[in-house]
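Shown below: upload-v9.cif, with mmCIF, C-alpha atoms.
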```cif
data_coords
#
loop_
_atom_site.label_atom_id
_atom_site.label_comp_id
_atom_site.auth_asym_id
_atom_site.auth_seq_id
_atom_site.Cartn_x
_atom_site.Cartn_y
_atom_site.Cartn_z
CA MET A 1 18.96 23.23 -16.14
CA GLU A 2 21.79 23.56 -18.68
CA ASN A 3 22.07 27.32 -18.32
CA ILE A 4 23.00 27.23 -14.67
CA VAL A 5 26.67 28.01 -14.52
CA TYR A 6 27.24 28.65 -10.89
CA CYS A 7 25.80 26.28 -8.36
CA GLU A 8 25.56 27.81 -4.93
CA PRO A 9 26.36 25.56 -1.98
CA GLY A 10 23.17 24.50 -0.29
CA ARG A 11 21.18 24.25 -3.47
CA VAL A 12 19.46 20.92 -3.62
CA PHE A 13 18.39 20.30 -7.18
CA CYS A 14 21.29 21.79 -9.06
CA ARG A 15 23.81 19.93 -6.90
CA ALA A 16 22.07 16.56 -6.77
CA GLN A 17 23.87 13.62 -8.30
CA LYS A 18 22.21 10.71 -6.59
CA VAL A 19 18.54 10.13 -5.96
CA LEU A 20 17.18 7.21 -3.97
CA VAL A 21 13.60 5.99 -4.02
CA ALA A 22 12.37 3.23 -1.74
CA VAL A 23 9.44 1.14 -2.97
CA ASP A 24 7.29 -1.57 -1.41
CA GLY A 25 4.47 -2.18 -3.89
CA SER A 26 2.06 0.33 -2.35
CA ALA A 27 0.26 3.03 -4.28
CA GLY A 28 2.14 5.66 -2.26
CA ALA A 29 5.46 4.18 -3.29
CA ALA A 30 4.37 4.17 -6.94
CA ARG A 31 3.61 7.89 -6.72
CA ALA A 32 6.96 8.45 -5.04
CA ALA A 33 8.71 6.57 -7.86
CA THR A 34 7.17 8.83 -10.50
CA VAL A 35 8.40 11.87 -8.59
CA ALA A 36 11.82 10.26 -8.27
CA PHE A 37 12.00 9.59 -12.03
CA GLU A 38 11.09 13.20 -12.66
CA VAL A 39 13.61 14.59 -10.18
CA ALA A 40 16.38 12.29 -11.42
CA GLU A 41 15.79 13.31 -15.02
CA MET A 42 15.56 16.98 -14.17
CA THR A 43 18.76 16.97 -12.12
CA GLU A 44 20.54 14.42 -14.31
CA SER A 45 21.08 12.27 -11.27
CA ARG A 46 21.69 8.57 -11.00
CA LEU A 47 18.60 6.87 -9.54
CA THR A 48 18.68 3.97 -7.11
CA ILE A 49 15.43 2.06 -6.70
CA LEU A 50 15.51 0.23 -3.40
CA HIS A 51 13.27 -2.44 -1.99
CA VAL A 52 13.89 -3.68 1.54
CA VAL A 53 12.68 -7.15 2.42
CA PRO A 54 11.46 -6.64 5.99
CA THR A 55 13.15 -9.59 7.72
CA PRO A 56 11.82 -8.93 11.26
CA ALA A 57 8.25 -8.77 9.93
CA ILE A 58 8.80 -11.91 7.86
CA GLN A 59 10.15 -13.75 10.88
CA HIS A 60 7.06 -12.81 12.85
CA PHE A 61 4.79 -13.60 9.91
CA ALA A 62 6.28 -17.08 9.55
CA THR A 63 5.81 -17.83 13.25
CA MET A 64 2.23 -16.59 13.29
CA ALA A 65 1.22 -18.16 9.97
CA ASN A 66 2.94 -21.42 10.86
CA GLU A 67 5.22 -21.36 7.86
CA ASP A 68 8.91 -21.91 7.23
CA ALA A 69 10.68 -18.55 7.57
CA GLU A 70 13.40 -19.46 5.03
CA GLU A 71 10.79 -20.37 2.44
CA VAL A 72 8.76 -17.21 3.05
CA LEU A 73 11.93 -15.14 2.77
CA ARG A 74 12.97 -16.86 -0.47
CA ARG A 75 9.61 -16.22 -2.09
CA TYR A 76 9.46 -12.67 -0.80
CA CYS A 77 12.89 -11.92 -2.28
CA GLU A 78 11.82 -13.38 -5.63
CA ARG A 79 8.79 -11.13 -5.76
CA GLY A 80 10.88 -8.23 -4.55
CA GLN A 81 13.12 -8.64 -7.59
CA GLN A 82 10.05 -8.69 -9.85
CA LEU A 83 8.80 -5.54 -8.17
CA LEU A 84 12.13 -3.82 -8.82
CA GLU A 85 12.10 -5.03 -12.44
CA GLY A 86 8.67 -3.46 -12.87
CA TYR A 87 9.98 -0.14 -11.62
CA ARG A 88 13.06 -0.40 -13.81
CA ARG A 89 10.83 -0.85 -16.85
CA ALA A 90 8.68 2.11 -15.80
CA ALA A 91 11.84 4.22 -15.57
CA GLU A 92 12.74 3.47 -19.20
CA GLU A 93 10.36 6.23 -20.28
CA TYR A 94 12.74 8.73 -18.72
CA SER A 95 16.29 9.39 -19.77
CA ILE A 96 17.92 8.38 -16.51
CA GLU A 97 20.51 5.95 -15.32
CA VAL A 98 18.90 3.45 -12.96
CA GLU A 99 20.16 0.79 -10.58
CA THR A 100 17.97 -1.49 -8.50
CA VAL A 101 18.90 -2.75 -5.06
CA LEU A 102 17.22 -5.47 -3.01
CA GLU A 103 18.13 -5.35 0.67
CA ARG A 104 17.07 -7.21 3.79
CA GLY A 105 16.46 -5.86 7.26
CA LEU A 106 14.35 -3.28 9.00
CA PRO A 107 13.24 -1.00 6.13
CA SER A 108 13.77 2.38 7.81
CA GLU A 109 17.20 1.37 9.06
CA ARG A 110 18.36 -0.03 5.71
CA ILE A 111 17.11 3.02 3.77
CA VAL A 112 18.94 5.39 6.11
CA SER A 113 22.11 3.34 6.06
CA ILE A 114 22.18 3.05 2.26
CA ALA A 115 21.39 6.74 1.79
CA LYS A 116 24.28 7.65 4.06
CA LYS A 117 26.76 5.15 2.68
CA ALA A 118 26.07 6.03 -0.94
CA GLY A 119 26.04 9.77 -0.24
CA VAL A 120 22.55 10.16 -1.67
CA ASP A 121 21.43 13.76 -2.23
CA ILE A 122 17.67 13.29 -2.33
CA VAL A 123 15.55 10.47 -0.88
CA VAL A 124 12.03 10.11 -2.25
CA LEU A 125 9.40 8.17 -0.29
CA GLY A 126 5.67 7.66 -0.13
CA SER A 127 3.99 9.13 2.94
CA LYS A 128 2.91 5.65 3.97
CA GLY A 129 3.67 2.15 2.85
CA ALA A 130 1.86 -1.06 2.09
CA THR A 131 1.49 -2.35 5.64
CA GLY A 132 0.09 0.76 7.27
CA GLY A 133 -3.49 0.53 6.11
CA ASN A 134 -5.29 3.55 7.49
CA VAL A 135 -2.39 4.86 9.53
CA PRO A 136 -3.09 8.44 10.52
CA ARG A 137 -0.66 10.79 8.80
CA THR A 138 2.84 9.60 7.99
CA GLY A 139 3.87 5.96 8.26
CA SER A 140 6.51 5.00 10.80
CA CYS A 141 9.12 3.96 8.25
CA THR A 142 8.88 7.31 6.47
CA GLN A 143 9.03 9.12 9.83
CA ARG A 144 12.18 7.26 10.81
CA VAL A 145 13.86 7.92 7.48
CA ILE A 146 13.08 11.64 7.68
CA ALA A 147 14.61 11.71 11.15
CA GLY A 148 17.56 9.50 10.23
CA VAL A 149 19.07 10.86 7.02
CA ASN A 150 21.12 14.02 6.60
CA CYS A 151 19.94 14.80 3.09
CA THR A 152 16.78 16.19 1.54
CA VAL A 153 13.71 13.95 1.70
CA ILE A 154 10.74 14.31 -0.60
CA VAL A 155 7.58 12.74 0.78
CA ALA A 156 5.08 12.07 -1.99
CA LYS A 157 1.43 12.09 -1.03
CA MET B 1 -0.72 3.01 52.09
CA HIS B 2 -2.51 3.72 55.38
CA ASP B 3 -0.41 6.61 56.54
CA ILE B 4 -0.90 8.79 53.55
CA LEU B 5 -2.75 11.81 54.91
CA HIS B 6 -4.18 13.17 51.74
CA PRO B 7 -6.78 10.75 50.41
CA ASP B 8 -6.49 11.20 46.68
CA HIS B 9 -9.36 9.88 44.63
CA ASN B 10 -7.37 9.66 41.46
CA ARG B 11 -4.93 7.03 42.45
CA LEU B 12 -3.89 4.99 39.47
CA ILE B 13 -2.63 1.74 40.92
CA GLN B 14 -5.00 1.48 43.86
CA ASP B 15 -8.06 2.06 41.69
CA LEU B 16 -7.08 -0.37 38.95
CA ARG B 17 -10.04 -2.44 37.78
CA ARG B 18 -9.18 -3.46 34.26
CA VAL B 19 -5.77 -3.79 32.69
CA LEU B 20 -5.22 -4.23 28.95
CA LEU B 21 -2.20 -6.20 27.78
CA PRO B 22 -1.64 -6.16 24.01
CA VAL B 23 0.77 -8.94 23.01
CA ASP B 24 2.45 -10.01 19.78
CA GLY B 25 4.72 -12.86 20.82
CA SER B 26 7.85 -10.73 21.12
CA ASP B 27 10.15 -11.02 24.14
CA LEU B 28 9.20 -7.54 25.27
CA SER B 29 5.50 -8.39 25.20
CA ARG B 30 6.30 -11.33 27.48
CA ARG B 31 8.06 -8.97 29.84
CA ALA B 32 5.08 -6.63 29.70
CA ALA B 33 2.89 -9.63 30.56
CA THR B 34 4.89 -10.34 33.70
CA VAL B 35 4.47 -6.72 34.79
CA ALA B 36 0.74 -6.67 33.99
CA ILE B 37 0.13 -9.93 35.83
CA GLU B 38 2.08 -8.66 38.83
CA LEU B 39 -0.03 -5.50 38.91
CA CYS B 40 -3.28 -7.45 38.60
CA ARG B 41 -2.28 -9.77 41.41
CA LEU B 42 -1.43 -6.85 43.68
CA THR B 43 -4.59 -4.90 42.95
CA GLY B 44 -7.10 -7.61 42.09
CA ALA B 45 -7.69 -5.99 38.71
CA LYS B 46 -8.94 -8.00 35.77
CA LEU B 47 -6.61 -8.66 32.88
CA LEU B 48 -7.63 -8.43 29.23
CA VAL B 49 -5.03 -9.93 26.90
CA LEU B 50 -5.33 -8.70 23.32
CA HIS B 51 -3.64 -9.87 20.15
CA VAL B 52 -4.16 -7.80 17.03
CA VAL B 53 -3.49 -9.47 13.70
CA ASN B 54 -1.82 -6.74 11.64
CA LEU B 55 -4.07 -6.97 8.60
CA GLY B 56 -2.02 -4.61 6.41
CA MET B 57 1.14 -6.56 7.09
CA VAL B 58 -0.50 -9.94 6.50
CA GLN B 59 -1.91 -8.75 3.19
CA GLN B 60 1.38 -7.25 2.06
CA ILE B 61 3.46 -10.32 2.89
CA ALA B 62 0.84 -12.72 1.51
CA THR B 63 0.88 -10.77 -1.76
CA MET B 64 4.64 -10.75 -1.85
CA ILE B 65 4.91 -14.50 -1.33
CA ASN B 66 2.01 -15.29 -3.64
CA GLU B 67 -0.33 -16.80 -1.08
CA ASP B 68 -3.99 -16.42 -0.41
CA ALA B 69 -4.37 -13.76 2.28
CA ASP B 70 -7.54 -15.35 3.72
CA MET B 71 -5.84 -18.71 4.22
CA VAL B 72 -2.89 -17.04 5.88
CA LEU B 73 -5.23 -15.00 8.05
CA GLN B 74 -6.97 -18.14 9.29
CA ARG B 75 -3.65 -19.65 10.38
CA TYR B 76 -2.68 -16.33 11.94
CA ILE B 77 -5.80 -16.29 14.06
CA THR B 78 -5.29 -19.90 15.16
CA GLN B 79 -1.72 -19.12 16.18
CA GLY B 80 -2.88 -15.89 17.81
CA LEU B 81 -5.32 -17.82 19.98
CA LYS B 82 -2.56 -20.24 21.00
CA LEU B 83 -0.41 -17.26 21.91
CA LEU B 84 -3.20 -15.82 24.03
CA GLU B 85 -3.78 -19.17 25.75
CA SER B 86 -0.13 -19.23 26.80
CA PHE B 87 -0.59 -15.84 28.46
CA LYS B 88 -3.75 -17.05 30.16
CA ALA B 89 -1.80 -19.99 31.57
CA LEU B 90 0.90 -17.62 32.78
CA ALA B 91 -1.70 -15.43 34.48
CA SER B 92 -3.42 -18.35 36.17
CA GLU B 93 -0.09 -19.34 37.73
CA SER B 94 -0.37 -16.08 39.65
CA GLU B 95 -4.08 -16.61 40.21
CA VAL B 96 -5.00 -13.78 37.91
CA GLU B 97 -8.09 -14.08 35.81
CA ALA B 98 -7.47 -13.29 32.14
CA GLU B 99 -9.91 -12.58 29.34
CA LEU B 100 -8.65 -13.15 25.80
CA LEU B 101 -9.39 -11.25 22.63
CA VAL B 102 -8.17 -11.50 19.03
CA GLU B 103 -8.75 -8.55 16.73
CA ARG B 104 -7.64 -7.72 13.23
CA GLY B 105 -6.65 -4.38 11.80
CA LEU B 106 -4.01 -1.78 12.48
CA PRO B 107 -2.67 -2.73 15.94
CA SER B 108 -2.58 0.79 17.40
CA ASP B 109 -6.13 1.52 16.19
CA LYS B 110 -7.50 -1.70 17.65
CA ILE B 111 -5.70 -1.29 20.96
CA ILE B 112 -7.22 2.17 21.40
CA GLN B 113 -10.68 0.94 20.40
CA VAL B 114 -10.57 -2.08 22.70
CA ALA B 115 -9.31 0.06 25.58
CA SER B 116 -12.19 2.51 25.35
CA ALA B 117 -14.83 -0.16 24.69
CA ASN B 118 -13.77 -2.10 27.79
CA ASP B 119 -13.30 0.72 30.30
CA ILE B 120 -9.62 -0.01 30.59
CA ASP B 121 -7.73 1.80 33.37
CA LEU B 122 -4.22 0.99 32.24
CA ILE B 123 -2.55 -0.35 29.11
CA VAL B 124 0.66 -2.30 29.67
CA MET B 125 2.81 -2.91 26.61
CA GLY B 126 6.39 -3.37 25.44
CA ALA B 127 8.35 -0.40 24.08
CA SER B 128 8.67 -2.17 20.74
CA GLY B 129 7.20 -5.24 19.13
CA ALA B 130 8.08 -8.27 17.06
CA THR B 131 8.31 -6.59 13.68
CA GLY B 132 10.54 -3.69 14.62
CA GLY B 133 13.87 -5.43 14.89
CA ARG B 134 16.43 -4.68 17.56
CA SER B 135 17.31 -1.13 16.67
CA VAL B 136 13.88 0.35 17.33
CA SER B 137 13.75 1.96 20.75
CA LEU B 138 10.09 2.91 20.57
CA GLY B 139 7.93 0.98 18.14
CA SER B 140 5.36 2.83 16.07
CA SER B 141 2.37 0.98 17.54
CA THR B 142 3.44 1.81 21.08
CA GLU B 143 4.11 5.40 20.07
CA ARG B 144 0.64 5.77 18.55
CA VAL B 145 -1.00 4.16 21.56
CA ILE B 146 0.79 6.55 23.92
CA ARG B 147 -0.28 9.53 21.84
CA ARG B 148 -3.90 8.56 21.40
CA SER B 149 -4.83 6.60 24.51
CA ARG B 150 -7.13 8.27 27.01
CA CYS B 151 -5.93 6.05 29.84
CA PRO B 152 -2.39 5.76 31.21
CA VAL B 153 0.10 3.54 29.39
CA LEU B 154 2.82 1.60 31.16
CA VAL B 155 5.66 1.01 28.70
CA VAL B 156 7.94 -1.90 29.57
CA LYS B 157 11.55 -1.87 28.39
#
```

Turn this file's structure into structure tokens for me.
Amino acid sequence: MENIVYCEPGRVFCRAQKVLVAVDGSAGAARAATVAFEVAEMTESRLTILHVVPTPAIQHFATMANEDAEEVLRRYCERGQQLLEGYRRAAEEYSIEVETVLERGLPSERIVSIAKKAGVDIVVLGSKGATGGNVPRTGSCTQRVIAGVNCTVIVAK
Amino acid sequence: MHDILHPDHNRLIQDLRRVLLPVDGSDLSRRAATVAIELCRLTGAKLLVLHVVNLGMVQQIATMINEDADMVLQRYITQGLKLLESFKALASESEVEAELLVERGLPSDKIIQVASANDIDLIVMGASGATGGRSVSLGSSTERVIRRSRCPVLVVK
């Protein structure tokens, strides 16, 4: 895109500087990440790879599985970091600047809040995540992010 | 209701025979239970209390914390039964007979399936569940049940 001299307001790709992709270890998220790498490289944007540790779900999980919530959370965060590391390595094939962020909370809410705070231009998501199973159509987290952010959202299928 | 002149054959409350109460241990599901039990006591309807183990979520969290999903699932089901027993006890305080059922799968799917397999007249459930956190006004399971259910749904807030 080096030959573009004038960038009209409202253009998405030629104005993008920050791309955010949220991952959770699902196949859908992996496809979304590839799209995000591509888009970030194409638009020369900085890419944030985000994983949200779903604390409300973990709390419920710990109660129902009779386990210590702190311990579950600690191990989940550890694996979350590994997951992000895996994505960081995958991104090395592309010439992009990458940062990884591990957050805690309700995934949809954290993704929206980070996208807004960081002034992200494009959010890339899978159409459904790891917990949905055979959810018909779009997963609830993706739905909430689409409704919540003010920027462009790419939903990878 | 004696002085109502028009005898309507499609009365919802008066004709209640079977009420389905899906619970997950959240505060709102306890509130929904109170409402369902009250309705059953007033109408003499039978109560079916359902707990669905969210298989996708269990698998995802078990993977993330490096545990065997089958082991976790066993504990989940044991805890789920305990949860259901507590609702049965609550119902018997109001002299309401309660049947208990544990299922596994995607909660919204299972709730719909159980409702149609058991000739349910009314589903009573909380507006959001245990895994949604505080900011969710309408949880995705409840939303899907409302959309897909063939019988009326009473949503407790």

Point out the residue among B:Thr63, B:Gln113, B:Ser94, B:Asn118 with the least atom-to-atom distance to chain A, counting only C-alpha atoms. B:Thr63

Minimum-distance residue to chain B, chosen among A:Thr48, A:Thr34, A:Ser108, A:Ser127 (using only C-alpha atoms): A:Ser108

Compute the set of chain B residues within 9 Å of chain A, using all atoms listed in the file, and express it as an MDAnalysis selection string. chainID B and resid 24:26 54:66 72:80 105:106 108:109 130:136 139:141

Atom CA of B:Val124 to atom CA of B:Cys151 measures 10.6 Å

Show me the residues close to (-2.9, -15.7, 22.6) - anything with an atom within 9 Å, counting all atoms listed in the file - and format the list as a list in words. Val23, Asp24, Gly25, Val49, Leu50, His51, Thr78, Gln79, Gly80, Leu81, Lys82, Leu83, Leu84, Glu85, Ser86, Phe87, Lys88, Leu100, Leu101 and Val102 of chain B

Check which residues satisfy the PyMOL selection byres ((chain B and resi 142) around 8) in the file shown, then give them as number ranges by chain. B: 108, 125-128, 138-141, 143-146, 155

Evaluate the PyMOL selection byres ((chain A and resi 119) around 12) and record the selected residues as a list in words, following the chain and residue labels used in the document. Ala16, Gln17, Lys18, Val19, Leu20, Arg46, Thr48, Ile111, Val112, Ser113, Ile114, Ala115, Lys116, Lys117, Ala118, Val120, Asp121, Ile122, Val123, Val149, Asn150, Cys151 and Thr152 of chain A

File of the preceding selection, C-alpha atoms, as a PDB file, in the coordinates of the input:
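Listing of result-v2.pdb after writing:
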```pdb
ATOM      1  CA  ALA A  16      22.070  16.560  -6.770  1.00  0.00           C
ATOM      2  CA  GLN A  17      23.870  13.620  -8.300  1.00  0.00           C
ATOM      3  CA  LYS A  18      22.210  10.710  -6.590  1.00  0.00           C
ATOM      4  CA  VAL A  19      18.540  10.130  -5.960  1.00  0.00           C
ATOM      5  CA  LEU A  20      17.180   7.210  -3.970  1.00  0.00           C
ATOM      6  CA  ARG A  46      21.690   8.570 -11.000  1.00  0.00           C
ATOM      7  CA  THR A  48      18.680   3.970  -7.110  1.00  0.00           C
ATOM      8  CA  ILE A 111      17.110   3.020   3.770  1.00  0.00           C
ATOM      9  CA  VAL A 112      18.940   5.390   6.110  1.00  0.00           C
ATOM     10  CA  SER A 113      22.110   3.340   6.060  1.00  0.00           C
ATOM     11  CA  ILE A 114      22.180   3.050   2.260  1.00  0.00           C
ATOM     12  CA  ALA A 115      21.390   6.740   1.790  1.00  0.00           C
ATOM     13  CA  LYS A 116      24.280   7.650   4.060  1.00  0.00           C
ATOM     14  CA  LYS A 117      26.760   5.150   2.680  1.00  0.00           C
ATOM     15  CA  ALA A 118      26.070   6.030  -0.940  1.00  0.00           C
ATOM     16  CA  VAL A 120      22.550  10.160  -1.670  1.00  0.00           C
ATOM     17  CA  ASP A 121      21.430  13.760  -2.230  1.00  0.00           C
ATOM     18  CA  ILE A 122      17.670  13.290  -2.330  1.00  0.00           C
ATOM     19  CA  VAL A 123      15.550  10.470  -0.880  1.00  0.00           C
ATOM     20  CA  VAL A 149      19.070  10.860   7.020  1.00  0.00           C
ATOM     21  CA  ASN A 150      21.120  14.020   6.600  1.00  0.00           C
ATOM     22  CA  CYS A 151      19.940  14.800   3.090  1.00  0.00           C
ATOM     23  CA  THR A 152      16.780  16.190   1.540  1.00  0.00           C
TER      24      THR A 152
END
```

Mind working out the centre and edge lengths of an axis-aligned box for stretch 104-111 of chain A, all listed atoms inside, 5 Å added to each side, rounded to one decimal in Å and written as AutoDock Vina command-line options?
```
--center_x 15.8 --center_y -2.1 --center_z 6.4 --size_x 15.1 --size_y 20.2 --size_z 15.3
```

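The gap separating atom CA of A:Ile154 from atom CA of A:Gly10 is 16.1 Å, in Å to one decimal.
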
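Between B:Val96 and the candidates B:Ser116, B:Ser149, B:Thr34, B:Ser137, the tightest atom-to-atom separation, counting only C-alpha atoms, involves B:Thr34.
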
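Between B:Arg17 and the candidates B:Val156, B:Leu122, B:Ala117, B:Met71, the tightest atom-to-atom separation, counting only C-alpha atoms, involves B:Leu122.
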
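Running the PyMOL selection byres ((chain A and resi 37) around 8) on this file leaves Ala33, Thr34, Val35, Ala36, Glu38, Val39, Ala40, Glu41, Leu47, Ala91, Tyr94 and Ile96 of chain A selected.
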
Working from the structure I just supplied, which lacks atoms in stretch 56-65 of chain B, can you model all heavy atoms there and output them as a PDB file, keeping the file's coordinate frame?
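Generated output (out.pdb):
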```
ATOM      1  N   GLY B  56      -2.800  -5.206   7.503  1.00  0.00           N
ATOM      2  CA  GLY B  56      -2.020  -4.610   6.410  1.00  0.00           C
ATOM      3  C   GLY B  56      -0.769  -5.408   6.145  1.00  0.00           C
ATOM      4  O   GLY B  56      -0.417  -5.684   4.998  1.00  0.00           O
ATOM      5  N   MET B  57      -0.105  -5.822   7.242  1.00  0.00           N
ATOM      6  CA  MET B  57       1.140  -6.560   7.090  1.00  0.00           C
ATOM      7  C   MET B  57       0.884  -7.951   6.515  1.00  0.00           C
ATOM      8  O   MET B  57       1.615  -8.413   5.645  1.00  0.00           O
ATOM      9  CB  MET B  57       1.854  -6.668   8.432  1.00  0.00           C
ATOM     10  CG  MET B  57       3.308  -6.955   8.297  1.00  0.00           C
ATOM     11  SD  MET B  57       4.031  -7.315   9.897  1.00  0.00           S
ATOM     12  CE  MET B  57       3.484  -8.983  10.151  1.00  0.00           C
ATOM     13  N   VAL B  58      -0.171  -8.606   7.004  1.00  0.00           N
ATOM     14  CA  VAL B  58      -0.500  -9.940   6.500  1.00  0.00           C
ATOM     15  C   VAL B  58      -0.783  -9.875   5.001  1.00  0.00           C
ATOM     16  O   VAL B  58      -0.285 -10.690   4.220  1.00  0.00           O
ATOM     17  CB  VAL B  58      -1.707 -10.536   7.255  1.00  0.00           C
ATOM     18  CG1 VAL B  58      -2.209 -11.800   6.577  1.00  0.00           C
ATOM     19  CG2 VAL B  58      -1.344 -10.837   8.695  1.00  0.00           C
ATOM     20  N   GLN B  59      -1.568  -8.869   4.607  1.00  0.00           N
ATOM     21  CA  GLN B  59      -1.910  -8.750   3.190  1.00  0.00           C
ATOM     22  C   GLN B  59      -0.672  -8.491   2.339  1.00  0.00           C
ATOM     23  O   GLN B  59      -0.485  -9.115   1.301  1.00  0.00           O
ATOM     24  CB  GLN B  59      -2.940  -7.641   2.984  1.00  0.00           C
ATOM     25  CG  GLN B  59      -4.356  -8.187   3.114  1.00  0.00           C
ATOM     26  CD  GLN B  59      -5.371  -7.115   3.404  1.00  0.00           C
ATOM     27  OE1 GLN B  59      -5.023  -5.941   3.540  1.00  0.00           O
ATOM     28  NE2 GLN B  59      -6.628  -7.501   3.519  1.00  0.00           N
ATOM     29  N   GLN B  60       0.179  -7.592   2.824  1.00  0.00           N
ATOM     30  CA  GLN B  60       1.380  -7.250   2.060  1.00  0.00           C
ATOM     31  C   GLN B  60       2.286  -8.470   1.895  1.00  0.00           C
ATOM     32  O   GLN B  60       2.710  -8.800   0.790  1.00  0.00           O
ATOM     33  CB  GLN B  60       2.132  -6.107   2.774  1.00  0.00           C
ATOM     34  CG  GLN B  60       3.607  -5.961   2.428  1.00  0.00           C
ATOM     35  CD  GLN B  60       3.849  -5.351   1.058  1.00  0.00           C
ATOM     36  OE1 GLN B  60       2.920  -5.165   0.286  1.00  0.00           O
ATOM     37  NE2 GLN B  60       5.104  -5.060   0.758  1.00  0.00           N
ATOM     38  N   ILE B  61       2.540  -9.187   2.997  1.00  0.00           N
ATOM     39  CA  ILE B  61       3.460 -10.320   2.890  1.00  0.00           C
ATOM     40  C   ILE B  61       2.819 -11.451   2.086  1.00  0.00           C
ATOM     41  O   ILE B  61       3.476 -12.069   1.254  1.00  0.00           O
ATOM     42  CB  ILE B  61       3.940 -10.795   4.283  1.00  0.00           C
ATOM     43  CG1 ILE B  61       4.683  -9.649   4.986  1.00  0.00           C
ATOM     44  CG2 ILE B  61       4.866 -11.993   4.151  1.00  0.00           C
ATOM     45  CD1 ILE B  61       5.299 -10.003   6.305  1.00  0.00           C
ATOM     46  N   ALA B  62       1.521 -11.678   2.280  1.00  0.00           N
ATOM     47  CA  ALA B  62       0.840 -12.720   1.510  1.00  0.00           C
ATOM     48  C   ALA B  62       0.935 -12.422   0.014  1.00  0.00           C
ATOM     49  O   ALA B  62       1.198 -13.316  -0.791  1.00  0.00           O
ATOM     50  CB  ALA B  62      -0.612 -12.847   1.947  1.00  0.00           C
ATOM     51  N   THR B  63       0.747 -11.144  -0.352  1.00  0.00           N
ATOM     52  CA  THR B  63       0.880 -10.770  -1.760  1.00  0.00           C
ATOM     53  C   THR B  63       2.284 -11.025  -2.257  1.00  0.00           C
ATOM     54  O   THR B  63       2.489 -11.578  -3.334  1.00  0.00           O
ATOM     55  CB  THR B  63       0.566  -9.259  -1.951  1.00  0.00           C
ATOM     56  OG1 THR B  63      -0.644  -8.955  -1.278  1.00  0.00           O
ATOM     57  CG2 THR B  63       0.439  -8.898  -3.411  1.00  0.00           C
ATOM     58  N   MET B  64       3.249 -10.625  -1.432  1.00  0.00           N
ATOM     59  CA  MET B  64       4.640 -10.750  -1.850  1.00  0.00           C
ATOM     60  C   MET B  64       5.082 -12.206  -1.976  1.00  0.00           C
ATOM     61  O   MET B  64       5.989 -12.512  -2.725  1.00  0.00           O
ATOM     62  CB  MET B  64       5.566 -10.009  -0.882  1.00  0.00           C
ATOM     63  CG  MET B  64       5.462  -8.492  -0.977  1.00  0.00           C
ATOM     64  SD  MET B  64       5.856  -7.826  -2.607  1.00  0.00           S
ATOM     65  CE  MET B  64       7.648  -7.946  -2.618  1.00  0.00           C
ATOM     66  N   ILE B  65       4.499 -13.102  -1.204  1.00  0.00           N
ATOM     67  CA  ILE B  65       4.910 -14.500  -1.330  1.00  0.00           C
ATOM     68  C   ILE B  65       3.885 -15.322  -2.101  1.00  0.00           C
ATOM     69  O   ILE B  65       3.949 -16.548  -2.130  1.00  0.00           O
ATOM     70  CB  ILE B  65       5.211 -15.156   0.043  1.00  0.00           C
ATOM     71  CG1 ILE B  65       3.949 -15.236   0.903  1.00  0.00           C
ATOM     72  CG2 ILE B  65       6.305 -14.393   0.790  1.00  0.00           C
ATOM     73  CD1 ILE B  65       4.137 -16.084   2.142  1.00  0.00           C
TER      74      ILE B  65
END
```
